[in-house]
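Okay, coords06.cif now, which holds mmCIF, C-alpha atoms:
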data_coords
#
loop_
_atom_site.group_PDB
_atom_site.id
_atom_site.type_symbol
_atom_site.label_atom_id
_atom_site.label_comp_id
_atom_site.auth_asym_id
_atom_site.auth_seq_id
_atom_site.Cartn_x
_atom_site.Cartn_y
_atom_site.Cartn_z
ATOM 1 C CA MET A 902 54.847 60.597 31.368
ATOM 2 C CA GLU A 903 53.234 63.832 32.513
ATOM 3 C CA SER A 904 49.773 64.182 34.031
ATOM 4 C CA PRO A 905 46.883 64.554 31.587
ATOM 5 C CA PRO A 906 45.765 68.133 30.834
ATOM 6 C CA GLY A 907 43.349 69.480 33.415
ATOM 7 C CA THR A 908 44.602 67.224 36.212
ATOM 8 C CA ALA A 909 45.522 70.150 38.470
ATOM 9 C CA ALA A 910 42.027 71.620 38.041
ATOM 10 C CA LEU A 911 40.518 68.248 38.919
ATOM 11 C CA PHE A 912 42.760 67.937 41.982
ATOM 12 C CA ASP A 913 41.760 71.420 43.146
ATOM 13 C CA HIS A 914 38.100 70.365 43.184
ATOM 14 C CA ALA A 915 38.635 67.112 45.083
ATOM 15 C CA PRO A 916 36.929 67.081 48.499
ATOM 16 C CA VAL A 917 40.188 66.102 50.270
ATOM 17 C CA GLY A 918 43.708 67.460 50.508
ATOM 18 C CA LEU A 919 46.017 66.172 47.786
ATOM 19 C CA TRP A 920 49.764 66.526 47.391
ATOM 20 C CA ALA A 921 52.592 65.423 45.097
ATOM 21 C CA ALA A 922 56.295 64.983 45.785
ATOM 22 C CA GLY A 923 59.414 64.436 43.715
ATOM 23 C CA PRO A 924 61.722 61.406 43.926
ATOM 24 C CA ASP A 925 63.528 62.834 46.976
ATOM 25 C CA GLY A 926 60.252 63.240 48.891
ATOM 26 C CA SER A 927 60.188 67.041 48.713
ATOM 27 C CA ARG A 928 56.600 68.025 48.150
ATOM 28 C CA THR A 929 55.963 70.064 45.037
ATOM 29 C CA TYR A 930 52.179 70.463 44.935
ATOM 30 C CA PHE A 931 49.229 70.853 47.308
ATOM 31 C CA ASN A 932 45.652 71.329 46.167
ATOM 32 C CA ARG A 933 43.265 74.058 47.338
ATOM 33 C CA GLN A 934 41.684 71.906 50.059
ATOM 34 C CA TRP A 935 45.053 71.210 51.686
ATOM 35 C CA LEU A 936 46.015 74.893 51.564
ATOM 36 C CA ALA A 937 42.606 75.978 52.906
ATOM 37 C CA PHE A 938 42.877 73.472 55.760
ATOM 38 C CA THR A 939 46.355 74.630 56.794
ATOM 39 C CA GLY A 940 45.807 78.309 55.956
ATOM 40 C CA ARG A 941 49.247 78.405 54.346
ATOM 41 C CA THR A 942 50.447 79.255 50.859
ATOM 42 C CA LEU A 943 51.812 76.803 48.335
ATOM 43 C CA ALA A 944 55.236 78.434 48.707
ATOM 44 C CA ALA A 945 55.150 77.890 52.482
ATOM 45 C CA GLU A 946 54.102 74.224 52.198
ATOM 46 C CA ARG A 947 56.433 73.217 49.350
ATOM 47 C CA ASP A 948 59.555 71.141 49.851
ATOM 48 C CA ASN A 949 59.493 70.263 53.555
ATOM 49 C CA GLY A 950 57.492 73.280 54.721
ATOM 50 C CA TRP A 951 54.419 71.096 55.215
ATOM 51 C CA THR A 952 56.158 69.369 58.144
ATOM 52 C CA GLU A 953 55.916 72.589 60.196
ATOM 53 C CA GLY A 954 52.234 71.785 60.779
ATOM 54 C CA ILE A 955 52.786 68.308 62.214
ATOM 55 C CA HIS A 956 52.062 68.024 65.933
ATOM 56 C CA PRO A 957 55.365 67.846 67.876
ATOM 57 C CA ASP A 958 54.380 64.509 69.468
ATOM 58 C CA ASP A 959 53.799 62.967 66.016
ATOM 59 C CA PHE A 960 56.702 64.569 64.153
ATOM 60 C CA GLU A 961 59.379 61.859 64.366
ATOM 61 C CA ARG A 962 56.964 58.993 63.704
ATOM 62 C CA CYS A 963 55.268 60.809 60.828
ATOM 63 C CA LEU A 964 58.418 61.955 59.092
ATOM 64 C CA GLY A 965 60.119 58.602 59.671
ATOM 65 C CA THR A 966 57.231 56.693 58.084
ATOM 66 C CA TYR A 967 57.131 59.120 55.168
ATOM 67 C CA LEU A 968 60.880 58.987 54.487
ATOM 68 C CA ARG A 969 60.992 55.175 54.757
ATOM 69 C CA ALA A 970 58.243 55.039 52.108
ATOM 70 C CA VAL A 971 60.121 57.477 49.861
ATOM 71 C CA HIS A 972 63.447 55.657 50.172
ATOM 72 C CA GLY A 973 61.781 52.237 49.917
ATOM 73 C CA ARG A 974 59.719 53.401 46.940
ATOM 74 C CA ARG A 975 56.517 52.049 48.437
ATOM 75 C CA ALA A 976 53.049 53.139 49.487
ATOM 76 C CA TYR A 977 52.190 54.070 53.061
ATOM 77 C CA GLU A 978 49.302 55.007 55.342
ATOM 78 C CA LEU A 979 49.678 57.153 58.418
ATOM 79 C CA GLU A 980 47.590 59.020 60.969
ATOM 80 C CA TYR A 981 48.970 62.145 62.568
ATOM 81 C CA ARG A 982 47.818 65.482 63.878
ATOM 82 C CA LEU A 983 48.104 68.448 61.543
ATOM 83 C CA ARG A 984 47.670 72.104 62.511
ATOM 84 C CA ARG A 985 44.605 73.698 60.977
ATOM 85 C CA PHE A 986 44.377 77.329 59.808
ATOM 86 C CA ASP A 987 43.042 78.390 63.234
ATOM 87 C CA GLY A 988 45.892 76.764 65.185
ATOM 88 C CA GLU A 989 43.865 73.728 66.287
ATOM 89 C CA TYR A 990 45.229 70.259 65.533
ATOM 90 C CA ARG A 991 43.086 67.714 63.718
ATOM 91 C CA TRP A 992 43.760 64.086 62.931
ATOM 92 C CA MET A 993 44.854 63.494 59.363
ATOM 93 C CA HIS A 994 44.785 60.160 57.581
ATOM 94 C CA ASP A 995 47.529 60.391 54.969
ATOM 95 C CA THR A 996 48.005 57.851 52.181
ATOM 96 C CA GLY A 997 50.901 58.011 49.733
ATOM 97 C CA VAL A 998 51.414 55.995 46.549
ATOM 98 C CA ALA A 999 54.679 55.738 44.632
ATOM 99 C CA ALA A 1000 54.719 56.230 40.859
ATOM 100 C CA LEU A 1001 57.623 54.181 39.553
ATOM 101 C CA CYS A 1002 59.529 54.337 36.290
ATOM 102 C CA ARG A 1003 61.355 51.140 35.256
ATOM 103 C CA ARG A 1004 64.594 52.810 34.275
ATOM 104 C CA ARG A 1005 64.852 55.574 36.850
ATOM 105 C CA GLY A 1006 63.077 54.195 39.914
ATOM 106 C CA LEU A 1007 60.805 56.505 41.884
ATOM 107 C CA ARG A 1008 59.390 59.208 39.638
ATOM 108 C CA ARG A 1009 57.046 60.845 42.100
ATOM 109 C CA LEU A 1010 54.924 60.204 45.130
ATOM 110 C CA ARG A 1011 51.291 61.279 45.294
ATOM 111 C CA GLY A 1012 49.078 61.329 48.294
ATOM 112 C CA VAL A 1013 45.786 62.096 49.912
ATOM 113 C CA GLY A 1014 45.432 63.727 53.290
ATOM 114 C CA GLY A 1015 41.885 63.457 54.504
ATOM 115 C CA GLY A 1016 39.631 62.629 57.372
ATOM 116 C CA HIS A 1017 40.195 65.791 59.379
ATOM 117 C CA HIS A 1018 38.104 64.020 61.956
ATOM 118 C CA GLY A 1019 37.588 65.995 65.086
ATOM 119 C CA PRO A 1020 39.879 67.590 67.625
ATOM 120 C CA ALA A 1021 43.269 66.042 68.256
ATOM 121 C CA ALA A 1022 42.548 65.355 71.915
ATOM 122 C CA GLY A 1023 40.050 62.779 73.125
ATOM 123 C CA PRO A 1024 39.718 59.196 74.313
ATOM 124 C CA GLY A 1025 42.491 57.073 72.863
ATOM 125 C CA ARG A 1026 43.999 60.058 71.070
ATOM 126 C CA ALA A 1027 46.581 61.959 73.012
#

Go through the file and emit its structure as structure tokens.
Amino acid sequence: MESPPGTAALFDHAPVGLWAAGPDGSRTYFNRQWLAFTGRTLAAERDNGWTEGIHPDDFERCLGTYLRAVHGRRAYELEYRLRRFDGEYRWMHDTGVAALCRRRGLRRLRGVGGGHHGPAAGPGRA
């Protein structure tokens, strides 16, 4: 089943960053808010390009959690630091939900990256 007509336009007007990924976890779509936050193009973010913005200290944990969710075909929640368009890191709360198909397993993964809440450094956040 494909998305209803106009879904991409709706996603582009959402007040948070949205993304979609294929069954292998490679991301295929990012909405305008995500791209504006990162300052990168869709071509640069697609597939695994989005991981280039993950803070080095969060990279292994973030990618590990994401890939376990993809391979386990399950939802996940994760906080990590993501590089903003100006080079500063901000905390991102990322939530992914698996869309399953009975016969073929994982069809796609969709997610929300939001809560760009303040600088990455601070009490309790190293």

* Distance of atom CA of Ala976 of chain A from atom CA of Cys963 of chain A, expressed in Å to one decimal place -> 13.9 Å

* Could you tell me which of A:Leu964, A:Ala944, A:Leu983, A:Val917 comes closest to Tyr930 of chain A if we count only C-alpha atoms? =>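 Closest to Tyr930 of chain A of all the choices is A:Ala944.
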
* Using all atoms listed in the file, which of A:Asp958, A:Asn949, A:His914, A:Val971 sits nearest Trp935 of chain A? ->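 The shortest atom-to-atom distance to Trp935 of chain A comes from A:His914.
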
* Asked: atom CA of Arg947 of chain A to atom CA of Ser927 of chain A: how many Å, to one decimal?
  ->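 Computed distance, atom CA of Arg947 of chain A to atom CA of Ser927 of chain A, equals 7.3 Å.
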
* On this structure, which residues satisfy the PyMOL selection byres ((chain A and resi 979) around 9), written as number ranges by chain? -> A: 963, 966-967, 977-978, 980-981, 993-997

* Smallest atom-to-atom distance to Ala999 of chain A: which of A:Thr942, A:Ala921, A:Asp948, A:Glu961, using all atoms listed in the file? ->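 Among the listed residues, A:Ala921 lies closest to Ala999 of chain A.
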
Evaluating the PyMOL selection byres ((chain A and resi 929) around 12) on the displayed file yields which residues, as a tab-separated table (two decimals) with C-alpha atoms, in the coordinates of the input?
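Contents of the output file selection-v7.tsv:
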chain	number	residue	atom	x	y	z
A	919	LEU	CA	46.02	66.17	47.79
A	920	TRP	CA	49.76	66.53	47.39
A	921	ALA	CA	52.59	65.42	45.10
A	922	ALA	CA	56.30	64.98	45.78
A	923	GLY	CA	59.41	64.44	43.72
A	924	PRO	CA	61.72	61.41	43.93
A	925	ASP	CA	63.53	62.83	46.98
A	926	GLY	CA	60.25	63.24	48.89
A	927	SER	CA	60.19	67.04	48.71
A	928	ARG	CA	56.60	68.03	48.15
A	930	TYR	CA	52.18	70.46	44.94
A	931	PHE	CA	49.23	70.85	47.31
A	932	ASN	CA	45.65	71.33	46.17
A	943	LEU	CA	51.81	76.80	48.34
A	944	ALA	CA	55.24	78.43	48.71
A	945	ALA	CA	55.15	77.89	52.48
A	946	GLU	CA	54.10	74.22	52.20
A	947	ARG	CA	56.43	73.22	49.35
A	948	ASP	CA	59.56	71.14	49.85
A	949	ASN	CA	59.49	70.26	53.56
A	950	GLY	CA	57.49	73.28	54.72
A	951	TRP	CA	54.42	71.10	55.22
A	1009	ARG	CA	57.05	60.84	42.10
A	1010	LEU	CA	54.92	60.20	45.13
A	1011	ARG	CA	51.29	61.28	45.29
A	1012	GLY	CA	49.08	61.33	48.29
